[in-house]
file start_19.txt (compact mmCIF, C-alpha atoms and all ligand atoms)
# COMPACT_ATOMS: atom_id res chain seq x y z
CA MET E 1 15.83 -1.10 20.35
CA SER E 2 18.77 1.28 20.94
CA THR E 3 19.94 0.88 17.33
CA THR E 4 16.54 1.83 15.95
CA ASN E 5 15.67 4.88 18.04
CA ASP E 6 17.61 7.22 15.81
CA ILE E 7 15.66 6.17 12.71
CA CYS E 8 12.13 6.29 14.11
CA HIS E 9 9.96 8.40 16.36
CA ARG E 10 6.72 7.94 18.24
CA ARG E 11 3.79 10.00 17.09
CA THR E 12 1.62 11.25 19.94
CA THR E 13 -0.66 13.62 18.03
CA CYS E 14 -3.11 12.95 15.23
CA ARG E 15 -1.65 13.87 11.85
CA VAL E 16 -4.95 15.33 10.62
CA CYS E 17 -6.50 17.18 13.56
CA GLY E 18 -3.55 17.48 15.93
CA GLY E 19 -5.58 15.84 18.74
CA ARG E 20 -4.01 13.70 21.46
CA ASP E 21 -7.00 11.51 22.22
CA LEU E 22 -5.61 8.44 20.47
CA VAL E 23 -6.60 4.84 21.29
CA ARG E 24 -4.35 1.91 20.47
CA PHE E 25 -6.61 -0.79 19.03
CA LEU E 26 -4.27 -3.10 17.11
CA ASP E 27 -0.87 -4.39 18.18
CA LEU E 28 0.84 -6.67 15.66
CA GLY E 29 4.06 -6.88 17.64
CA LEU E 30 7.63 -6.03 16.66
CA MET E 31 8.04 -6.15 12.90
CA PRO E 32 11.00 -5.90 10.55
CA LEU E 33 10.91 -3.44 7.65
CA VAL E 34 8.95 -5.60 5.26
CA ASN E 35 10.24 -4.04 2.04
CA ARG E 36 13.88 -4.42 3.10
CA TYR E 37 14.73 -7.69 1.35
CA LEU E 38 17.96 -9.28 2.55
CA ASN E 39 20.87 -10.76 0.64
CA SER E 40 21.61 -14.37 1.45
CA SER E 41 24.88 -13.23 3.11
CA ASP E 42 22.74 -11.36 5.69
CA ASP E 43 21.10 -14.57 6.89
CA GLY E 44 22.90 -14.73 10.23
CA ARG E 45 22.14 -11.11 11.07
CA ASP E 46 19.06 -9.87 12.80
CA GLU E 47 17.47 -6.80 11.28
CA PRO E 48 15.93 -3.92 13.23
CA ARG E 49 12.34 -4.37 14.33
CA PHE E 50 9.83 -1.70 15.22
CA PRO E 51 6.50 -1.81 17.06
CA LEU E 52 3.57 -2.08 14.66
CA GLU E 53 0.54 -0.62 16.39
CA ILE E 54 -2.46 1.31 15.06
CA LEU E 55 -4.06 4.17 16.96
CA PHE E 56 -7.57 5.54 16.40
CA CYS E 57 -8.21 9.28 16.82
CA ARG E 58 -11.42 9.78 18.77
CA ALA E 59 -11.75 13.33 17.43
CA CYS E 60 -11.49 12.91 13.63
CA SER E 61 -11.51 9.08 13.11
CA LEU E 62 -8.07 8.86 11.48
CA SER E 63 -6.19 5.67 12.22
CA GLN E 64 -2.41 5.95 12.23
CA LEU E 65 0.69 4.04 13.28
CA SER E 66 2.22 4.87 16.63
CA VAL E 67 5.77 4.73 15.26
CA VAL E 68 7.11 6.61 12.23
CA VAL E 69 10.24 5.22 10.62
CA ASP E 70 12.46 7.75 8.82
CA PRO E 71 11.34 7.79 5.15
CA LYS E 72 14.96 7.93 3.98
CA VAL E 73 15.39 4.50 5.53
CA LEU E 74 12.23 3.20 3.86
CA TYR E 75 12.31 4.65 0.36
CA SER E 76 15.86 5.30 -0.86
CA GLU E 77 15.83 1.88 -2.48
CA TYR E 78 12.55 0.17 -3.15
CA ASP E 79 12.01 -3.29 -4.57
CA TYR E 80 8.33 -2.99 -5.41
CA HIS E 81 8.06 -2.34 -9.15
CA SER E 82 4.57 -1.28 -10.18
CA SER E 83 4.92 -2.58 -13.72
CA VAL E 84 5.35 -6.21 -12.69
CA SER E 85 1.67 -6.79 -11.99
CA LYS E 86 -0.59 -7.08 -15.04
CA THR E 87 -3.57 -6.14 -12.89
CA PHE E 88 -1.83 -2.92 -11.91
CA GLN E 89 -0.83 -2.20 -15.53
CA GLN E 90 -4.48 -2.43 -16.55
CA HIS E 91 -5.51 -0.29 -13.63
CA CYS E 92 -3.05 2.44 -14.73
CA GLU E 93 -4.34 2.38 -18.29
CA GLU E 94 -7.92 2.69 -17.09
CA MET E 95 -7.02 5.51 -14.72
CA ALA E 96 -5.16 7.55 -17.36
CA ALA E 97 -7.96 7.10 -19.90
CA SER E 98 -10.67 8.06 -17.42
CA GLN E 99 -8.80 11.18 -16.22
CA TRP E 100 -8.14 12.15 -19.83
CA ARG E 101 -11.89 12.07 -20.49
CA GLU E 102 -13.05 13.53 -17.19
CA PHE E 103 -10.77 16.58 -17.29
CA GLY E 104 -10.74 16.96 -21.08
CA LEU E 105 -6.95 16.75 -21.09
CA THR E 106 -5.03 17.73 -24.23
CA ALA E 107 -1.44 17.47 -25.43
CA GLN E 108 -0.85 20.94 -23.91
CA ASP E 109 -1.65 19.73 -20.40
CA PHE E 110 1.01 19.01 -17.83
CA VAL E 111 0.54 15.97 -15.57
CA VAL E 112 2.71 15.35 -12.51
CA GLU E 113 2.76 12.08 -10.64
CA ILE E 114 4.03 11.94 -7.07
CA ALA E 115 5.82 8.73 -6.06
CA SER E 116 5.75 7.59 -9.67
CA ASN E 117 7.59 4.32 -8.95
CA ASP E 118 8.98 2.96 -12.25
CA GLY E 119 6.71 5.27 -14.29
CA CYS E 120 3.95 2.72 -14.79
CA LEU E 121 1.07 5.20 -14.47
CA VAL E 122 2.60 8.46 -15.66
CA SER E 123 3.82 6.77 -18.86
CA LYS E 124 0.17 6.07 -19.73
CA PHE E 125 -0.55 9.82 -19.67
CA GLN E 126 2.58 10.31 -21.77
CA LYS E 127 1.24 7.87 -24.36
CA LEU E 128 -2.03 9.81 -24.50
CA GLY E 129 0.06 12.87 -25.47
CA CYS E 130 0.32 14.85 -22.21
CA LYS E 131 3.52 16.46 -21.03
CA VAL E 132 4.46 14.50 -17.90
CA LEU E 133 6.85 14.47 -14.99
CA GLY E 134 7.28 11.81 -12.33
CA VAL E 135 8.64 12.49 -8.86
CA GLU E 136 10.12 9.43 -7.20
CA PRO E 137 12.44 9.19 -4.18
CA ALA E 138 13.89 5.71 -4.86
CA VAL E 139 17.11 6.04 -6.89
CA ASN E 140 16.69 2.66 -8.59
CA LEU E 141 13.09 3.32 -9.66
CA ALA E 142 13.73 6.89 -10.89
CA GLU E 143 16.58 5.52 -13.00
CA LEU E 144 14.38 2.81 -14.49
CA ALA E 145 11.77 5.42 -15.43
CA ASN E 146 14.29 7.85 -16.94
CA ASP E 147 15.90 5.00 -18.90
CA ALA E 148 12.46 4.29 -20.35
CA ALA E 149 12.17 7.97 -21.40
CA VAL E 150 9.63 8.84 -18.68
CA PRO E 151 11.04 12.12 -17.24
CA THR E 152 11.39 11.65 -13.49
CA LEU E 153 12.79 13.78 -10.68
CA ASN E 154 14.59 11.70 -8.08
CA GLU E 155 13.21 13.50 -5.02
CA PHE E 156 10.81 13.22 -2.12
CA TRP E 157 7.67 15.27 -2.63
CA SER E 158 8.02 18.59 -0.80
CA GLN E 159 7.30 22.29 -1.17
CA ALA E 160 10.83 22.66 -2.59
CA ALA E 161 10.06 20.03 -5.26
CA ALA E 162 6.76 21.79 -6.10
CA ASP E 163 8.54 25.18 -6.34
CA ARG E 164 11.19 23.75 -8.63
CA ILE E 165 8.58 22.17 -10.93
CA LEU E 166 6.64 25.45 -11.02
CA ARG E 167 9.81 27.34 -12.04
CA GLU E 168 10.90 24.81 -14.66
CA HIS E 169 7.58 23.62 -16.09
CA GLY E 170 4.78 25.88 -14.85
CA PRO E 171 1.63 24.81 -12.97
CA ALA E 172 0.07 21.39 -13.42
CA ARG E 173 -3.39 20.61 -14.75
CA LEU E 174 -3.38 17.31 -12.96
CA VAL E 175 -1.40 15.87 -10.07
CA VAL E 176 -1.84 12.16 -9.51
CA ALA E 177 -0.65 10.26 -6.47
CA THR E 178 -1.51 6.61 -6.06
CA ASN E 179 -0.62 4.82 -2.85
CA VAL E 180 1.51 7.55 -1.41
CA LEU E 181 -0.69 9.72 0.83
CA ALA E 182 -0.93 6.98 3.43
CA HIS E 183 2.89 6.92 3.56
CA VAL E 184 3.30 10.59 4.45
CA ASP E 185 3.89 11.84 7.99
CA ASP E 186 3.50 15.55 7.22
CA LEU E 187 0.16 15.18 5.47
CA HIS E 188 -0.67 18.89 5.62
CA GLY E 189 2.69 19.87 4.09
CA PHE E 190 2.20 17.32 1.32
CA ILE E 191 -1.27 18.60 0.36
CA ARG E 192 -0.23 22.25 0.67
CA ALA E 193 2.63 21.66 -1.80
CA VAL E 194 0.23 20.01 -4.27
CA ALA E 195 -2.23 22.92 -3.93
CA SER E 196 0.59 25.36 -4.77
CA LEU E 197 1.42 23.50 -7.99
CA LEU E 198 -2.14 23.25 -9.36
CA ARG E 199 -3.65 25.54 -11.95
CA PRO E 200 -6.96 27.11 -10.82
CA ASP E 201 -8.75 24.59 -13.08
CA GLY E 202 -6.46 21.80 -11.98
CA ALA E 203 -7.12 18.72 -9.87
CA LEU E 204 -5.41 16.38 -7.50
CA VAL E 205 -6.44 12.76 -8.00
CA PHE E 206 -5.15 10.29 -5.48
CA GLU E 207 -5.79 6.73 -4.48
CA VAL E 208 -5.41 5.32 -1.01
CA PRO E 209 -6.36 2.01 0.55
CA TYR E 210 -9.77 2.51 2.11
CA MET E 211 -10.17 1.94 5.84
CA VAL E 212 -13.69 0.59 5.27
CA ASN E 213 -12.19 -2.34 3.36
CA PHE E 214 -9.39 -2.76 5.88
CA MET E 215 -12.04 -3.22 8.55
CA ASN E 216 -14.69 -5.14 6.60
CA ARG E 217 -12.25 -7.60 5.05
CA ALA E 218 -9.84 -7.92 7.95
CA GLU E 219 -6.92 -6.61 5.92
CA PHE E 220 -4.73 -6.16 8.97
CA ASP E 221 -1.71 -7.37 7.00
CA THR E 222 -1.77 -4.20 4.91
CA ALA E 223 -0.55 -2.47 8.07
CA TYR E 224 3.18 -1.99 7.82
CA HIS E 225 5.66 0.72 8.54
CA GLU E 226 5.25 2.41 5.16
CA HIS E 227 1.51 2.81 5.79
CA LEU E 228 1.34 5.55 8.37
CA SER E 229 -2.34 6.47 7.91
CA TYR E 230 -5.49 4.37 7.40
CA PHE E 231 -7.98 6.70 5.79
CA LEU E 232 -11.67 7.13 5.97
CA LEU E 233 -13.05 9.88 3.76
CA ARG E 234 -13.99 12.05 6.73
CA PRO E 235 -10.46 12.85 7.97
CA LEU E 236 -9.26 13.18 4.35
CA LYS E 237 -11.90 15.84 3.74
CA GLN E 238 -10.73 17.69 6.81
CA ALA E 239 -7.06 17.55 5.70
CA LEU E 240 -7.83 18.73 2.15
CA GLU E 241 -10.00 21.62 3.31
CA ALA E 242 -7.34 22.78 5.75
CA ASN E 243 -5.03 23.29 2.77
CA GLY E 244 -7.18 25.10 0.23
CA LEU E 245 -8.60 22.10 -1.62
CA ALA E 246 -12.18 20.87 -1.78
CA LEU E 247 -13.34 17.30 -2.08
CA ALA E 248 -14.96 16.92 -5.51
CA ASN E 249 -15.40 13.21 -6.00
CA ALA E 250 -14.70 9.89 -4.30
CA GLN E 251 -15.27 6.39 -5.56
CA GLU E 252 -14.32 2.93 -4.49
CA PHE E 253 -12.54 0.44 -6.69
CA GLU E 254 -10.73 -2.85 -6.39
CA ILE E 255 -6.97 -2.68 -6.21
CA HIS E 256 -4.64 -3.42 -3.32
CA GLY E 257 -7.58 -4.91 -1.44
CA GLY E 258 -10.03 -2.08 -2.05
CA SER E 259 -9.12 1.58 -2.37
CA ILE E 260 -10.77 4.92 -2.93
CA ARG E 261 -9.97 7.32 -5.72
CA VAL E 262 -10.42 10.86 -4.52
CA THR E 263 -10.54 14.03 -6.62
CA ALA E 264 -9.83 17.37 -4.99
CA ARG E 265 -9.96 20.78 -6.68
CA PRO E 266 -8.69 24.20 -5.64
CA ALA E 267 -11.38 25.41 -3.24
CA SER E 268 -12.09 28.66 -5.03
CA GLY E 269 -14.43 27.79 -7.85
CA ALA E 270 -14.56 24.06 -7.12
CA PRO E 271 -17.73 22.32 -8.29
CA ALA E 272 -20.17 20.91 -5.72
CA PRO E 273 -19.05 17.50 -4.47
CA SER E 274 -20.45 14.48 -6.30
CA ASP E 275 -23.08 12.20 -4.78
CA GLY E 276 -20.33 9.63 -4.21
CA VAL E 277 -18.75 11.84 -1.58
CA GLN E 278 -21.86 12.03 0.60
CA ARG E 279 -22.62 8.36 0.06
CA LEU E 280 -19.23 7.28 1.41
CA LEU E 281 -19.32 9.74 4.31
CA SER E 282 -22.73 8.38 5.35
CA TRP E 283 -21.60 4.79 4.91
CA GLU E 284 -18.61 5.31 7.21
CA GLU E 285 -20.97 6.59 9.89
CA GLU E 286 -23.45 3.73 9.45
CA LEU E 287 -20.64 1.20 9.83
CA GLY E 288 -19.75 2.66 13.19
CA LEU E 289 -16.30 3.72 12.04
CA HIS E 290 -16.30 6.80 14.22
CA GLU E 291 -16.69 4.64 17.32
CA GLU E 292 -13.90 3.08 19.27
CA ALA E 293 -15.85 -0.13 20.03
CA THR E 294 -15.88 -1.05 16.32
CA TYR E 295 -12.08 -1.03 16.30
CA LEU E 296 -11.79 -3.16 19.40
CA ARG E 297 -14.12 -5.77 17.87
CA PHE E 298 -11.92 -5.74 14.75
CA ALA E 299 -8.83 -6.46 16.85
CA SER E 300 -10.49 -9.55 18.40
CA HIS E 301 -11.35 -10.79 14.93
CA VAL E 302 -7.74 -10.41 13.79
CA ALA E 303 -6.52 -12.41 16.78
CA MET E 304 -8.97 -15.17 15.82
CA LEU E 305 -7.73 -15.25 12.22
CA LYS E 306 -4.19 -15.70 13.50
CA GLU E 307 -5.25 -18.64 15.65
CA GLU E 308 -7.10 -20.29 12.74
CA LEU E 309 -4.28 -19.98 10.22
CA THR E 310 -1.59 -21.03 12.68
CA ALA E 311 -3.57 -24.10 13.76
CA PHE E 312 -4.27 -25.07 10.14
CA VAL E 313 -0.64 -24.79 9.06
CA HIS E 314 0.60 -26.69 12.11
CA ALA E 315 -1.92 -29.46 11.43
CA LEU E 316 -0.75 -29.82 7.82
CA LYS E 317 2.88 -30.03 8.92
CA ALA E 318 1.96 -32.63 11.50
CA ARG E 319 0.51 -34.69 8.63
CA GLY E 320 3.84 -34.44 6.80
CA LYS E 321 2.69 -31.96 4.18
CA LYS E 322 5.11 -29.72 2.35
CA LEU E 323 4.22 -26.02 2.30
CA ALA E 324 5.46 -22.99 0.41
CA ALA E 325 4.15 -19.49 -0.18
CA TYR E 326 3.55 -17.37 -3.26
CA GLY E 327 3.93 -13.60 -3.50
CA ALA E 328 6.76 -12.20 -1.38
CA SER E 329 4.68 -9.11 -0.73
CA ALA E 330 4.98 -6.73 2.18
CA LYS E 331 1.56 -7.77 3.45
CA GLY E 332 2.50 -11.42 3.21
CA ASN E 333 5.44 -10.73 5.41
CA ILE E 334 3.27 -9.07 8.05
CA LEU E 335 0.94 -12.05 8.00
CA LEU E 336 3.76 -14.58 8.40
CA ASN E 337 5.64 -12.64 11.06
CA TYR E 338 2.48 -11.85 13.02
CA CYS E 339 1.43 -15.52 12.92
CA GLY E 340 4.94 -16.74 13.68
CA ILE E 341 5.05 -18.83 10.48
CA GLY E 342 8.62 -19.18 9.26
CA LYS E 343 11.22 -21.60 7.99
CA ASP E 344 9.93 -24.39 10.20
CA MET E 345 6.61 -24.36 8.31
CA LEU E 346 7.44 -23.09 4.80
CA ASP E 347 10.19 -24.18 2.40
CA TYR E 348 10.38 -21.05 0.26
CA VAL E 349 8.43 -18.12 -1.17
CA VAL E 350 7.86 -17.82 -4.91
CA ASP E 351 7.85 -14.34 -6.40
CA ASP E 352 7.74 -13.11 -9.99
CA THR E 353 9.78 -9.95 -9.41
CA PRO E 354 13.33 -10.65 -10.63
CA ALA E 355 14.78 -8.13 -8.13
CA LYS E 356 13.37 -10.14 -5.20
CA GLN E 357 14.50 -13.55 -6.42
CA GLY E 358 17.59 -14.88 -4.69
CA LYS E 359 16.96 -12.64 -1.69
CA LEU E 360 15.61 -13.47 1.74
CA TYR E 361 12.21 -12.45 3.08
CA PRO E 362 12.64 -9.98 5.96
CA GLY E 363 12.10 -11.27 9.48
CA ASN E 364 11.70 -14.97 8.75
CA HIS E 365 14.56 -15.13 6.19
CA LEU E 366 12.69 -17.51 3.89
CA PRO E 367 14.43 -17.83 0.50
CA ILE E 368 12.63 -16.07 -2.37
CA VAL E 369 12.70 -18.12 -5.56
CA ASN E 370 11.24 -18.00 -9.05
CA ARG E 371 8.25 -20.00 -10.23
CA SER E 372 10.32 -22.91 -11.58
CA GLN E 373 10.82 -24.06 -7.98
CA LEU E 374 7.17 -25.14 -7.93
CA HIS E 375 8.12 -27.82 -10.45
CA ALA E 376 11.56 -28.64 -9.09
CA SER E 377 10.33 -29.05 -5.53
CA PRO E 378 6.54 -28.86 -5.49
CA PRO E 379 4.72 -28.27 -2.20
CA ASN E 380 1.34 -29.80 -1.33
CA TYR E 381 0.01 -26.41 -0.29
CA LEU E 382 0.83 -22.95 -1.54
CA LEU E 383 -0.06 -20.12 0.83
CA LEU E 384 -1.10 -17.11 -1.27
CA LEU E 385 0.39 -14.03 0.33
CA ALA E 386 -0.79 -11.42 -2.18
CA TRP E 387 -4.44 -12.30 -1.69
CA ASN E 388 -5.55 -9.24 -3.71
CA PHE E 389 -4.07 -10.93 -6.78
CA VAL E 390 -5.43 -14.42 -6.10
CA ASP E 391 -6.89 -14.91 -9.59
CA GLU E 392 -3.66 -13.81 -11.26
CA MET E 393 -1.62 -16.08 -8.99
CA VAL E 394 -3.79 -19.11 -9.58
CA LYS E 395 -3.63 -18.50 -13.33
CA ASN E 396 0.17 -18.20 -13.18
CA THR E 397 0.47 -21.57 -11.50
CA ALA E 398 -2.10 -23.58 -13.46
CA GLU E 399 0.35 -26.43 -13.97
CA TYR E 400 1.01 -26.74 -10.23
CA HIS E 401 -2.75 -26.83 -9.63
CA ALA E 402 -3.31 -29.38 -12.43
CA ARG E 403 -0.82 -31.69 -10.73
CA GLY E 404 -2.87 -31.63 -7.56
CA GLY E 405 -1.28 -28.69 -5.74
CA ARG E 406 -3.63 -26.81 -3.40
CA TYR E 407 -3.83 -23.17 -2.34
CA ILE E 408 -4.42 -21.57 1.02
CA VAL E 409 -6.04 -18.13 0.90
CA PRO E 410 -5.69 -16.67 4.40
CA ILE E 411 -7.75 -13.46 4.20
CA PRO E 412 -10.54 -12.33 4.70
CA SER E 413 -11.16 -15.79 6.07
CA LEU E 414 -9.24 -18.99 5.69
CA ARG E 415 -10.13 -21.03 2.61
CA VAL E 416 -8.50 -23.78 0.59
CA ILE E 417 -8.71 -24.02 -3.20
ZN ZN E 501 -7.57 13.35 14.59

call {"tool": "encode", "arguments": {"input": "start_19.txt", "output": "structure tokens"}}
result
Amino acid sequence: MSTTNDICHRRTTCRVCGGRDLVRFLDLGLMPLVNRYLNSSDDGRDEPRFPLEILFCRACSLSQLSVVVDPKVLYSEYDYHSSVSKTFQQHCEEMAASQWREFGLTAQDFVVEIASNDGCLVSKFQKLGCKVLGVEPAVNLAELANDAAVPTLNEFWSQAAADRILREHGPARLVVATNVLAHVDDLHGFIRAVASLLRPDGALVFEVPYMVNFMNRAEFDTAYHEHLSYFLLRPLKQALEANGLALANAQEFEIHGGSIRVTARPASGAPAPSDGVQRLLSWEEELGLHEEATYLRFASHVAMLKEELTAFVHALKARGKKLAAYGASAKGNILLNYCGIGKDMLDYVVDDTPAKQGKLYPGNHLPIVNRSQLHASPPNYLLLLAWNFVDEMVKNTAEYHARGGRYIVPIPSLRVI
């Protein structure tokens, strides 16, 4: 681990409340950086691995990783392009349209998106007529967005970035941030910078994977080094209020395995929180998510899922079956590496993202290929690694299915289609 110590640090205090009463409930072992896809020339080399463990804060119920990898290592280049998934495209359109209505946005309004990826979401606000700006740390993604005429700052979100935007563009009516808050170590600094950029009638709308779903649906494979925090609404409320924002609304929806969309407004003059806020806060309590024992039970369940999937895959191989996987996602990689399923079990991983094709999957070094491989060298079973897009994946591979190919869906419980 000597080569990795300089690019990661252990976190011994809770990022929301500062408490030290943290309980380790899940240990997935040493994991590679799952979004660091390798070139085929790297095959002989071993990549750095970091402990992947989740800690529960007994004081405020935040769950967080024990080890924080330097964000510059994680995000300077990023292969996940939002626009590739049709489901996500539709989600972005729906989100922009609903915010447009809810906040009565007009062409005069300025919308900023933090971690705007390739501009998938912020471009939808642009189409509706708003003035927009994306902020995206990955050089390759910021370039893609700018090339598509979606103005994008190539920076990490920070107070300095907020100050610069304020100087150059003025305050924002809306700041949107999907799937970024869970990636941030300095959560308070992040929220404070947003609060400083908002107009008094402005709003922050963000989406994060919801810890209730993580627990209820055994989504342990969504734990990886980018995901530093696993949020319930309760600790989020605490973090927002500590930085001058008030929780206005929260609702659940289906994307990335079940997320919550949270609206926060500047505390002075914020409307009373919606019923949805209290409903989710009560639900979290009823589910026992402020109690350590619930998390320990979850960990036993995860260990059982690993045993089931591993035994099933080994049995198929023993019967001479040919297996491959579909969806070279980060979560898929966690699942495979945690279960010890690699080249000895799977022939390849199909993925529809051109930037991933021809590369190797981190950790297990499985080759990532395009969909045509399913016809050239069809497996008997296709393990679906992006289980939140199962319908889309099955639709994409109708011909494989029609020829008798089967699917393995590993989560929330093992099933074969
Ligand atoms: Zn805490």

call {"tool": "closest_residue", "arguments": {"input": "start_19.txt", "among": "E:Arg164, E:Arg234, E:Arg415, E:Lys131", "to": "ligand ZN 501 (chain E)", "atoms": "only C-alpha atoms and all ligand atoms"}}
result
E:Arg234

call {"tool": "closest_atom_pairs", "arguments": {"input": "start_19.txt", "of": "chain E", "to": "ligand ZN 501 (chain E)", "cutoff": "10 Å", "atoms": "all atoms listed in the file", "output": "Markdown table"}}
result
| residue | atom | partner | partner_atom | distance |
| --- | --- | --- | --- | --- |
| E:Thr13 | CA | E:ZN501 | ZN | 7.7 |
| E:Cys14 | CA | E:ZN501 | ZN | 4.5 |
| E:Arg15 | CA | E:ZN501 | ZN | 6.5 |
| E:Val16 | CA | E:ZN501 | ZN | 5.2 |
| E:Cys17 | CA | E:ZN501 | ZN | 4.1 |
| E:Gly18 | CA | E:ZN501 | ZN | 5.9 |
| E:Gly19 | CA | E:ZN501 | ZN | 5.2 |
| E:Arg20 | CA | E:ZN501 | ZN | 7.7 |
| E:Asp21 | CA | E:ZN501 | ZN | 7.9 |
| E:Leu22 | CA | E:ZN501 | ZN | 7.9 |
| E:Phe56 | CA | E:ZN501 | ZN | 8.0 |
| E:Cys57 | CA | E:ZN501 | ZN | 4.7 |
| E:Arg58 | CA | E:ZN501 | ZN | 6.7 |
| E:Ala59 | CA | E:ZN501 | ZN | 5.1 |
| E:Cys60 | CA | E:ZN501 | ZN | 4.1 |
| E:Ser61 | CA | E:ZN501 | ZN | 6.0 |
| E:Leu62 | CA | E:ZN501 | ZN | 5.5 |
| E:Ser63 | CA | E:ZN501 | ZN | 8.2 |
| E:Gln64 | CA | E:ZN501 | ZN | 9.3 |
| E:Pro235 | CA | E:ZN501 | ZN | 7.2 |
| E:Gln238 | CA | E:ZN501 | ZN | 9.5 |
| E:Ala239 | CA | E:ZN501 | ZN | 9.8 |

call {"tool": "atom_distance", "arguments": {"input": "start_19.txt", "atom1": "CA of Leu204 in chain E", "atom2": "CA of Arg173 in chain E"}}
result
8.6 Å

call {"tool": "closest_atom_pairs", "arguments": {"input": "start_19.txt", "of": "range 154-248 of chain E", "to": "range 326-339 of chain E", "cutoff": "8 Å", "atoms": "only C-alpha atoms", "output": "JSON lines"}}
result
{"residue": "E:Asp221", "atom": "CA", "partner": "E:Lys331", "partner_atom": "CA", "distance": 4.8}
{"residue": "E:Thr222", "atom": "CA", "partner": "E:Lys331", "partner_atom": "CA", "distance": 5.1}
{"residue": "E:Ala223", "atom": "CA", "partner": "E:Lys331", "partner_atom": "CA", "distance": 7.3}
{"residue": "E:Tyr224", "atom": "CA", "partner": "E:Ile334", "partner_atom": "CA", "distance": 7.1}

call {"tool": "residues_near_point", "arguments": {"input": "start_19.txt", "point": "(-10.1, -14.1, 13.4)", "cutoff": "12 Å", "atoms": "all atoms listed in the file", "output": "PyMOL selection string"}}
result
chain E and resi 217-220+297-311+339+410-414

call {"tool": "residues_around", "arguments": {"input": "start_19.txt", "residues": "range 352-364 of chain E", "least_positions_apart": "4", "cutoff": "8 Å", "atoms": "all atoms listed in the file", "output": "PyMOL selection string"}}
result
chain E and resi 31-40+43+46-47+79+81+84+327-328+333+336-337+341-343+368-371

call {"tool": "decode", "arguments": {"input": "start_19.txt", "residues": "range 220-232 of chain E", "atoms": "N, CA and C atoms", "output": "PDB file, in the first residue's frame"}}
result
ATOM      1  N   PHE E 220     -25.167  -2.958  -2.338  1.00  0.00           N
ATOM      2  CA  PHE E 220     -23.818  -2.754  -1.809  1.00  0.00           C
ATOM      3  C   PHE E 220     -22.813  -2.434  -2.901  1.00  0.00           C
ATOM      4  N   ASP E 221     -23.130  -2.852  -4.144  1.00  0.00           N
ATOM      5  CA  ASP E 221     -22.163  -2.626  -5.224  1.00  0.00           C
ATOM      6  C   ASP E 221     -22.154  -1.179  -5.712  1.00  0.00           C
ATOM      7  N   THR E 222     -23.053  -0.339  -5.173  1.00  0.00           N
ATOM      8  CA  THR E 222     -22.949   1.085  -5.498  1.00  0.00           C
ATOM      9  C   THR E 222     -21.958   1.777  -4.553  1.00  0.00           C
ATOM     10  N   ALA E 223     -21.353   0.990  -3.666  1.00  0.00           N
ATOM     11  CA  ALA E 223     -20.273   1.522  -2.830  1.00  0.00           C
ATOM     12  C   ALA E 223     -18.982   1.438  -3.624  1.00  0.00           C
ATOM     13  N   TYR E 224     -18.409   2.564  -3.962  1.00  0.00           N
ATOM     14  CA  TYR E 224     -17.057   2.566  -4.512  1.00  0.00           C
ATOM     15  C   TYR E 224     -16.378   3.864  -4.156  1.00  0.00           C
ATOM     16  N   HIS E 225     -15.113   3.995  -4.535  1.00  0.00           N
ATOM     17  CA  HIS E 225     -14.331   5.066  -3.915  1.00  0.00           C
ATOM     18  C   HIS E 225     -14.803   6.468  -4.271  1.00  0.00           C
ATOM     19  N   GLU E 226     -15.558   6.599  -5.361  1.00  0.00           N
ATOM     20  CA  GLU E 226     -16.140   7.913  -5.671  1.00  0.00           C
ATOM     21  C   GLU E 226     -17.254   8.270  -4.687  1.00  0.00           C
ATOM     22  N   HIS E 227     -17.956   7.251  -4.178  1.00  0.00           N
ATOM     23  CA  HIS E 227     -19.113   7.497  -3.309  1.00  0.00           C
ATOM     24  C   HIS E 227     -18.690   7.549  -1.852  1.00  0.00           C
ATOM     25  N   LEU E 228     -18.389   8.744  -1.407  1.00  0.00           N
ATOM     26  CA  LEU E 228     -17.852   8.894  -0.050  1.00  0.00           C
ATOM     27  C   LEU E 228     -18.949   8.842   1.011  1.00  0.00           C
ATOM     28  N   SER E 229     -20.150   9.361   0.655  1.00  0.00           N
ATOM     29  CA  SER E 229     -21.242   9.409   1.636  1.00  0.00           C
ATOM     30  C   SER E 229     -22.450   8.636   1.134  1.00  0.00           C
ATOM     31  N   TYR E 230     -23.215   8.064   2.067  1.00  0.00           N
ATOM     32  CA  TYR E 230     -24.422   7.283   1.771  1.00  0.00           C
ATOM     33  C   TYR E 230     -25.528   7.937   2.596  1.00  0.00           C
ATOM     34  N   PHE E 231     -26.357   8.735   1.904  1.00  0.00           N
ATOM     35  CA  PHE E 231     -27.187   9.700   2.615  1.00  0.00           C
ATOM     36  C   PHE E 231     -28.580   9.222   2.959  1.00  0.00           C
ATOM     37  N   LEU E 232     -28.932   9.427   4.203  1.00  0.00           N
ATOM     38  CA  LEU E 232     -30.324   9.511   4.611  1.00  0.00           C
ATOM     39  C   LEU E 232     -30.674  11.000   4.588  1.00  0.00           C
TER      40      LEU E 232
END
